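**Q** Questions regarding the structure given below will be posed in turn.
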Amino acid sequence: MLGINIDKKRIFGLDLLRAFAIICVVHGHSSHLLADSWLEPLISLPHPRGVDIFFVLSGYLIGGSFLSYAQKNQRVDIHKTLRFYARTALRILPNYYTILLAYLILVSNGIVNGDTHAFPLWQFFTFTQNLFTPFYNFYWESWSLSVQWWFYVLFPMLLTIISMRVSPRKATPFICLFFILLSLGYRAAVASHASNIFWWDVWIRKTVASRCDCIYIGVLAAWLKTYAPEFWNRHAVKCIIAGIVLITLSFFIPPHIGTVYTDVFSLTIPPIAIALWFPFMVRIQSYSTAVGEVISHLSVLSYAMFLTNMLVAQIVDQHFSAAFHSIGAWGYGLYWLIVITISLLLYLAVEKPFVILRDKCIR
C-alpha cells in the first residue's frame with residue numbers, strides 16, 4: 001500500500017513500539033496546535049519520550065543481531081562488522097543528509113529560523129555536533145541521530161576487538177556497564193551548566209555522552225533474551241507490568257533542575273521501564289487487521305517522520321500559526337497529514353531506493 005512493502009518477517013510488537021514512539025514524537029512537537037480546542041486536554045497527557053523508545057529499540061535490535069551472530073560463530077568477526085557499517089550507512093545517511101540539505105536551503109532563505117554559522121557544518125556531516133558539548137538553533141532533531149550513530153560505530157567495533165580474547169557473552173555486560181556509567185558520570189560532571197530548562201535540555205538530554213545509557217540498556221535486554229531465554233519468556237507479563245508502573249511513576253516525580261535525580265538519574269529510569277516491555281512485546285508476532293496495517297506502515301515511515309516533523313512544525317509556527325489555530329483540532333489533524341505526506345515522499349524518493357540498493361549489494 002502507498003509503495004510501502006511490509007516484510008512478513010517483521011515482529012508486530014516491535015512495529016507497535018516504533019509506531020507509538022513516532023506518535024509521541026510528532027505529538028510532542030505539535031500538541032500546542034490543540035490549544036483552545038476540544039482536544040486541548042491532550043496537550044498535558046503524560047507519555048514517554050518517543051526518542052527513548054527509539055534508543056532502546058536500536059540497542060535491542062542491533063545488540064540482538066550481533067549477539068545472535070556471536071552465539072552461532074563464537075565471536076564477532078570483522079566481516080560482520082564491516083557489512084553492518086555498510087548496510088547502516090545506506091539506511092541512515094541518505095535521509096539524514098537530505099533533511100540537512102533542506103535545512104540549509106530553508107534557513108539560508110529565511111523560511112525557517114536558524115543559524116548556519118553558529119556551529120561548523122562539518123560537525124553535522126560527521127555526527128560530532130553534540131558529542132560532548134551541545135548545539136542549538138539548527139537541525140535540532142539531529143541530536144538523537146548522533147547518539148545512535150556513535151552506538152552503531154562503537155558497539156560493533158568494541159565487540160569485534162574484545163571478542164578476540166573474551167566471549168561476547170561475557171564482554172557485552174561490561175561494555176554496557178561502561179557506557180551506562182559514562183553517561184551517569186558525564187551528567188554529574190556537566191550538571192553545573194544546566195542552570196535552566198534550556199541548558200538542561202541541550203547539555204544533559206541532548207548530548208551523545210549523556211545519552212549512551214539508553215541504547216545500552218536495550219543491548220542488555222537483547223543479551224538477556226539471547227543467553228537467558230527461559231527467564232525472558234517466563235517473566236514477560238511481570239516485566240511489562242513492572243515497566244508500565246515504573247514509567248507511570250516517573251511521570252509524577254516533578255523535575256527539579258539542580259537535583260541529583262533530575263540531572264543524573266531521571267533520564268535512565270524511562271529506558272529501563274521501556275526495556276521491561278520487550279519480553280512481552282516480542283511475543284506479538286503479527287496482527288492482520290486494518291489497524292495492524294496502519295501501525296506497520298507508520299513503523300516503516302517512522303524514520304522519515306522523525307526527520308521531517310519538526311521541520312514542518314517550524315514552518316507552520318513561523319508562517320501559518322494563525323491559520324492552523326483558527327481551525328482548532330482540524331489544524332492538528334492537518335499537520336499530521338502534511339507530515340505523513342512529506343515523510344512518504346521522502347521514503348519513496350530517498351529511503352526506499354537506498355534500502356533496495358543495500359539489500360541487492362550487501363547481504
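All residue names refer to the C-alpha cells as shown: chains lettered A, B, ... in order, residues numbered from 1 in each chain, ligands numbered from 1 in order.
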Using only C-alpha atoms, tabulate the residues of stretch 52-149 of chain A lying at most 9 Å from any atom of stretch 16-36 of chain A, each with its closest atom pair and that distance in Å to one decimal, by chain and increasing residue number, as a tab-separated table.
**A**
```
residue	atom	partner	partner_atom	distance
A:Asp52	CA	A:Ala21	CA	8.1
A:Ile53	CA	A:Ala21	CA	5.8
A:Phe54	CA	A:Ala21	CA	6.6
A:Leu57	CA	A:Arg18	CA	7.9
```
**Q** Could you dump the residues just selected with N, CA and C atoms as a JSON list (two decimals), in the first residue's frame?
**A**
```json
[["chain", "number", "residue", "atom", "x", "y", "z"],
["A", 52, "ASP", "N", 13.27, 8.01, 23.51],
["A", 52, "ASP", "CA", 13.75, 6.97, 24.43],
["A", 52, "ASP", "C", 13.39, 5.59, 23.91],
["A", 53, "ILE", "N", 12.19, 5.46, 23.37],
["A", 53, "ILE", "CA", 11.76, 4.17, 22.81],
["A", 53, "ILE", "C", 12.64, 3.81, 21.62],
["A", 54, "PHE", "N", 12.90, 4.79, 20.76],
["A", 54, "PHE", "CA", 13.77, 4.54, 19.61],
["A", 54, "PHE", "C", 15.17, 4.10, 20.06],
["A", 57, "LEU", "N", 15.02, 0.53, 21.38],
["A", 57, "LEU", "CA", 14.80, -0.36, 20.23],
["A", 57, "LEU", "C", 16.10, -0.57, 19.44]]
```
**Q** Using 12 Å as the limit and counting only C-alpha atoms, can you tabulate each residue of stretch 168-276 of chain A that touches stretch 74-91 of chain A, with its shortest atom-to-atom distance in Å and the two atoms involved, as a tab-separated table?
**A**
```
residue	atom	partner	partner_atom	distance
A:Pro168	CA	A:Arg75	CA	6.4
A:Arg169	CA	A:Arg75	CA	9.2
A:Lys170	CA	A:Arg75	CA	11.2
A:Ala171	CA	A:Arg75	CA	10.6
A:Thr172	CA	A:Val76	CA	11.5
```
**Q** Taking N, CA and C atoms for each residue, export the selection above as an mmCIF file, in the first residue's frame.
**A**
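So again_7.cif came out as:
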```cif
data_model
loop_
_atom_site.group_PDB
_atom_site.id
_atom_site.type_symbol
_atom_site.label_atom_id
_atom_site.label_comp_id
_atom_site.auth_asym_id
_atom_site.auth_seq_id
_atom_site.Cartn_x
_atom_site.Cartn_y
_atom_site.Cartn_z
ATOM 1 N N PRO A 168 31.709 -12.847 23.579
ATOM 2 C CA PRO A 168 30.712 -11.764 23.612
ATOM 3 C C PRO A 168 29.724 -11.912 24.763
ATOM 4 N N ARG A 169 29.430 -13.139 25.145
ATOM 5 C CA ARG A 169 28.508 -13.351 26.262
ATOM 6 C C ARG A 169 29.041 -12.707 27.540
ATOM 7 N N LYS A 170 30.344 -12.804 27.770
ATOM 8 C CA LYS A 170 30.948 -12.209 28.963
ATOM 9 C C LYS A 170 31.255 -10.730 28.762
ATOM 10 N N ALA A 171 31.626 -10.367 27.550
ATOM 11 C CA ALA A 171 32.083 -8.996 27.307
ATOM 12 C C ALA A 171 30.941 -7.985 27.260
ATOM 13 N N THR A 172 29.800 -8.378 26.709
ATOM 14 C CA THR A 172 28.720 -7.427 26.452
ATOM 15 C C THR A 172 28.225 -6.705 27.705
#
```
**Q** Tell me which protein, DNA and RNA residues are within 12 Å of A:Phe174, counting only C-alpha atoms, leaving out same-chain ones fewer than 2 positions away, and put them as a PDB file with N, CA and C atoms, in the first residue's frame.
**A**
```pdb
ATOM      1  N   PHE A 155      29.824   0.157  19.276  1.00  0.00           N
ATOM      2  CA  PHE A 155      29.480  -1.152  19.836  1.00  0.00           C
ATOM      3  C   PHE A 155      29.998  -2.312  18.984  1.00  0.00           C
ATOM      4  N   LEU A 158      33.921  -2.425  19.281  1.00  0.00           N
ATOM      5  CA  LEU A 158      34.396  -2.930  20.566  1.00  0.00           C
ATOM      6  C   LEU A 158      34.133  -4.421  20.712  1.00  0.00           C
ATOM      7  N   LEU A 159      32.954  -4.864  20.292  1.00  0.00           N
ATOM      8  CA  LEU A 159      32.624  -6.277  20.412  1.00  0.00           C
ATOM      9  C   LEU A 159      33.531  -7.128  19.526  1.00  0.00           C
ATOM     10  N   ILE A 162      37.106  -7.029  21.337  1.00  0.00           N
ATOM     11  CA  ILE A 162      37.131  -7.738  22.619  1.00  0.00           C
ATOM     12  C   ILE A 162      36.859  -9.223  22.446  1.00  0.00           C
ATOM     13  N   VAL A 166      37.789 -12.407  24.641  1.00  0.00           N
ATOM     14  CA  VAL A 166      36.726 -12.730  25.597  1.00  0.00           C
ATOM     15  C   VAL A 166      35.444 -12.995  24.824  1.00  0.00           C
ATOM     16  N   SER A 167      34.679 -13.963  25.268  1.00  0.00           N
ATOM     17  CA  SER A 167      33.439 -14.274  24.565  1.00  0.00           C
ATOM     18  C   SER A 167      32.466 -13.099  24.647  1.00  0.00           C
ATOM     19  N   PRO A 168      31.709 -12.847  23.579  1.00  0.00           N
ATOM     20  CA  PRO A 168      30.712 -11.764  23.612  1.00  0.00           C
ATOM     21  C   PRO A 168      29.724 -11.912  24.763  1.00  0.00           C
ATOM     22  N   ARG A 169      29.430 -13.139  25.145  1.00  0.00           N
ATOM     23  CA  ARG A 169      28.508 -13.351  26.262  1.00  0.00           C
ATOM     24  C   ARG A 169      29.041 -12.707  27.540  1.00  0.00           C
ATOM     25  N   LYS A 170      30.344 -12.804  27.770  1.00  0.00           N
ATOM     26  CA  LYS A 170      30.948 -12.209  28.963  1.00  0.00           C
ATOM     27  C   LYS A 170      31.255 -10.730  28.762  1.00  0.00           C
ATOM     28  N   ALA A 171      31.626 -10.367  27.550  1.00  0.00           N
ATOM     29  CA  ALA A 171      32.083  -8.996  27.307  1.00  0.00           C
ATOM     30  C   ALA A 171      30.941  -7.985  27.260  1.00  0.00           C
ATOM     31  N   THR A 172      29.800  -8.378  26.709  1.00  0.00           N
ATOM     32  CA  THR A 172      28.720  -7.427  26.452  1.00  0.00           C
ATOM     33  C   THR A 172      28.225  -6.705  27.705  1.00  0.00           C
ATOM     34  N   CYS A 176      28.307  -2.608  28.178  1.00  0.00           N
ATOM     35  CA  CYS A 176      27.093  -1.850  28.511  1.00  0.00           C
ATOM     36  C   CYS A 176      27.271  -1.075  29.813  1.00  0.00           C
ATOM     37  N   LEU A 177      27.833  -1.716  30.808  1.00  0.00           N
ATOM     38  CA  LEU A 177      28.044  -1.061  32.110  1.00  0.00           C
ATOM     39  C   LEU A 177      28.961   0.148  31.956  1.00  0.00           C
ATOM     40  N   PHE A 178      29.992   0.027  31.117  1.00  0.00           N
ATOM     41  CA  PHE A 178      30.920   1.135  30.902  1.00  0.00           C
ATOM     42  C   PHE A 178      30.185   2.360  30.355  1.00  0.00           C
ATOM     43  N   PHE A 179      29.348   2.161  29.337  1.00  0.00           N
ATOM     44  CA  PHE A 179      28.666   3.304  28.713  1.00  0.00           C
ATOM     45  C   PHE A 179      27.549   3.846  29.599  1.00  0.00           C
ATOM     46  N   ILE A 180      26.914   2.998  30.360  1.00  0.00           N
ATOM     47  CA  ILE A 180      25.896   3.478  31.295  1.00  0.00           C
ATOM     48  C   ILE A 180      26.535   4.348  32.369  1.00  0.00           C
ATOM     49  N   LEU A 181      27.647   3.882  32.928  1.00  0.00           N
ATOM     50  CA  LEU A 181      28.351   4.678  33.950  1.00  0.00           C
ATOM     51  C   LEU A 181      28.945   5.946  33.344  1.00  0.00           C
ATOM     52  N   TYR A 216      22.337   1.313  25.462  1.00  0.00           N
ATOM     53  CA  TYR A 216      22.980   0.118  26.027  1.00  0.00           C
ATOM     54  C   TYR A 216      22.060  -0.633  26.989  1.00  0.00           C
ATOM     55  N   ILE A 217      21.056   0.028  27.506  1.00  0.00           N
ATOM     56  CA  ILE A 217      20.019  -0.686  28.255  1.00  0.00           C
ATOM     57  C   ILE A 217      19.269  -1.614  27.295  1.00  0.00           C
ATOM     58  N   VAL A 219      20.649  -2.990  24.654  1.00  0.00           N
ATOM     59  CA  VAL A 219      21.586  -4.084  24.400  1.00  0.00           C
ATOM     60  C   VAL A 219      21.509  -5.120  25.530  1.00  0.00           C
ATOM     61  N   LEU A 220      21.417  -4.655  26.761  1.00  0.00           N
ATOM     62  CA  LEU A 220      21.300  -5.586  27.892  1.00  0.00           C
ATOM     63  C   LEU A 220      20.033  -6.437  27.772  1.00  0.00           C
ATOM     64  N   TRP A 223      20.831  -9.066  25.306  1.00  0.00           N
ATOM     65  CA  TRP A 223      21.729 -10.046  25.930  1.00  0.00           C
ATOM     66  C   TRP A 223      20.929 -11.030  26.784  1.00  0.00           C
TER      67      TRP A 223
END
```
**Q** If you measure from atom CA of A:Phe198 to atom CA of A:Ala273, what distance in Å do you get, rounded to one decimal?
**A**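 Those two atoms sit 25.4 Å apart.
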**Q** So that I can see what lies close to stretch 3-8 of chain A, please list as an NGL selection string the residues with an atom at most 12 Å from it, counting only C-alpha atoms and leaving out residues fewer than 2 positions away in the same chain.
**A** :A and (1 or 10-12 or 15 or 285-288 or 292-301 or 343-349 or 351-353 or 355-356)
**Q** Quick one: DSSP alpha helix (DSSP H) residues in stretch 167-314 of chain A, as a ChimeraX atom specification?
**A** /A:168-190,197-200,208-227,229-234,236-251,260,269-275,278-281,290-314
**Q** Which residues are close to A:Ser250, i.e. within 9 Å by only C-alpha atoms, leaving aside same-chain residues fewer than 3 positions away? Reply as a list of chain:residue names.
**A**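 Result of the neighbour search: A:Val245, A:Leu246, A:Ile247, A:Ile253, A:Pro254, A:Ser266, A:Ile269, A:Pro270.
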**Q** Keeping C-alpha atoms, export the residues of the selection given above as a PDB file, in the first residue's frame.
**A**
```
ATOM      1  CA  VAL A 245       4.256   1.001  36.658  1.00  0.00           C
ATOM      2  CA  LEU A 246       7.819   2.341  36.633  1.00  0.00           C
ATOM      3  CA  ILE A 247       7.309   4.718  33.715  1.00  0.00           C
ATOM      4  CA  ILE A 253       8.093  12.789  40.025  1.00  0.00           C
ATOM      5  CA  PRO A 254       8.423  16.548  39.460  1.00  0.00           C
ATOM      6  CA  SER A 266      15.926  10.807  35.618  1.00  0.00           C
ATOM      7  CA  ILE A 269      14.702   5.340  34.508  1.00  0.00           C
ATOM      8  CA  PRO A 270      12.350   5.548  31.460  1.00  0.00           C
TER       9      PRO A 270
END
```
**Q** Neighbouring residues of A:Thr248 were defined as those with any atom within 9 Å, considering only C-alpha atoms; residues of the same chain fewer than 3 positions away were excluded. Please report them as a PyMOL selection string.
**A** chain A and resi 46-48+243-245+251-252
**Q** How would the residues just chosen look if you wrote them out with C-alpha atoms as an mmCIF file, in the first residue's frame?
**A**
```
data_model
loop_
_atom_site.group_PDB
_atom_site.id
_atom_site.type_symbol
_atom_site.label_atom_id
_atom_site.label_comp_id
_atom_site.auth_asym_id
_atom_site.auth_seq_id
_atom_site.Cartn_x
_atom_site.Cartn_y
_atom_site.Cartn_z
ATOM 1 C CA PRO A 46 1.623 12.178 30.062
ATOM 2 C CA HIS A 47 3.533 9.989 27.620
ATOM 3 C CA PRO A 48 7.066 8.614 27.273
ATOM 4 C CA GLY A 243 7.699 -1.411 33.198
ATOM 5 C CA ILE A 244 4.317 0.316 32.921
ATOM 6 C CA VAL A 245 4.256 1.001 36.658
ATOM 7 C CA PHE A 251 5.594 10.926 35.151
ATOM 8 C CA PHE A 252 4.629 12.014 38.659
#
```
**Q** Could you please determine the separation between atom CA of A:Leu100 and atom CA of A:Tyr139 in Å, to one decimal place?
**A** 6.9 Å
**Q** Do a neighbour search on A:Arg211 at 9 Å with only C-alpha atoms, toss out local chain neighbours closer than 6 positions, and write the hits as a list of chain:residue names.
**A**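 Contacts, with the query itself left out: A:Phe55, A:Ser144, A:Val147, A:Ile180, A:Ser183, A:Leu184, A:Ile204, A:Arg205, A:Leu267, A:Thr268.
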**Q** Next, write the just-selected residues to a file, as a PDB file, in the first residue's frame, keeping N, CA and C atoms as the atom set.
**A**
```
ATOM      1  N   PHE A  55      15.704   4.755  21.073  1.00  0.00           N
ATOM      2  CA  PHE A  55      17.033   4.389  21.559  1.00  0.00           C
ATOM      3  C   PHE A  55      17.060   2.942  22.055  1.00  0.00           C
ATOM      4  N   SER A 144      19.633  13.294  18.202  1.00  0.00           N
ATOM      5  CA  SER A 144      19.421  11.883  18.529  1.00  0.00           C
ATOM      6  C   SER A 144      20.058  10.962  17.496  1.00  0.00           C
ATOM      7  N   VAL A 147      23.546  10.324  18.622  1.00  0.00           N
ATOM      8  CA  VAL A 147      23.602   9.324  19.697  1.00  0.00           C
ATOM      9  C   VAL A 147      23.574   7.926  19.094  1.00  0.00           C
ATOM     10  N   ILE A 180      26.914   2.998  30.360  1.00  0.00           N
ATOM     11  CA  ILE A 180      25.896   3.478  31.295  1.00  0.00           C
ATOM     12  C   ILE A 180      26.535   4.348  32.369  1.00  0.00           C
ATOM     13  N   SER A 183      27.609   7.733  30.956  1.00  0.00           N
ATOM     14  CA  SER A 183      26.514   8.695  30.851  1.00  0.00           C
ATOM     15  C   SER A 183      26.184   9.312  32.209  1.00  0.00           C
ATOM     16  N   LEU A 184      26.088   8.474  33.230  1.00  0.00           N
ATOM     17  CA  LEU A 184      25.781   8.987  34.569  1.00  0.00           C
ATOM     18  C   LEU A 184      26.879   9.933  35.050  1.00  0.00           C
ATOM     19  N   ILE A 204      22.302  18.115  28.971  1.00  0.00           N
ATOM     20  CA  ILE A 204      22.094  16.810  29.609  1.00  0.00           C
ATOM     21  C   ILE A 204      21.223  15.880  28.768  1.00  0.00           C
ATOM     22  N   ARG A 205      20.159  16.387  28.186  1.00  0.00           N
ATOM     23  CA  ARG A 205      19.268  15.492  27.439  1.00  0.00           C
ATOM     24  C   ARG A 205      19.713  15.256  25.997  1.00  0.00           C
ATOM     25  N   LEU A 267      16.956  10.452  33.426  1.00  0.00           N
ATOM     26  CA  LEU A 267      16.949  10.022  32.030  1.00  0.00           C
ATOM     27  C   LEU A 267      17.239   8.531  31.861  1.00  0.00           C
ATOM     28  N   THR A 268      17.658   7.878  32.939  1.00  0.00           N
ATOM     29  CA  THR A 268      17.950   6.444  32.862  1.00  0.00           C
ATOM     30  C   THR A 268      16.734   5.598  33.216  1.00  0.00           C
TER      31      THR A 268
END
```
**Q** One decimal, in Å: what's the spacing between atom CA of A:Leu106 and atom CA of A:Glu141?
**A** 15.4 Å
**Q** Please build the interface table for stretch 79-176 of chain A against stretch 308-327 of chain A with a cut-off of 8 Å, listing for each qualifying residue the nearest atom pair and the distance in Å to one decimal; count only C-alpha atoms, order rows by chain and increasing number, and write it as a Markdown table.
**A**
```
| residue | atom | partner | partner_atom | distance |
| --- | --- | --- | --- | --- |
| A:Ile99 | CA | A:Thr308 | CA | 7.4 |
| A:Tyr103 | CA | A:Leu311 | CA | 7.9 |
| A:Ile111 | CA | A:Ile315 | CA | 7.1 |
| A:Val112 | CA | A:Ile315 | CA | 6.1 |
| A:Asn113 | CA | A:Gln314 | CA | 7.9 |
| A:Glu141 | CA | A:Met310 | CA | 7.3 |
```
**Q** Write the residues of the selection above to a file with C-alpha atoms, as a PDB file, in the first residue's frame.
**A**
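Written out: part_21.pdb:
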```
ATOM      1  CA  ILE A  99      16.991  16.845   5.506  1.00  0.00           C
ATOM      2  CA  TYR A 103      17.503  22.891   6.416  1.00  0.00           C
ATOM      3  CA  ILE A 111      11.862  30.286   5.530  1.00  0.00           C
ATOM      4  CA  VAL A 112      12.894  28.593   8.771  1.00  0.00           C
ATOM      5  CA  ASN A 113      14.629  30.356  11.648  1.00  0.00           C
ATOM      6  CA  GLU A 141      16.362  16.782  15.691  1.00  0.00           C
TER       7      GLU A 141
END
```
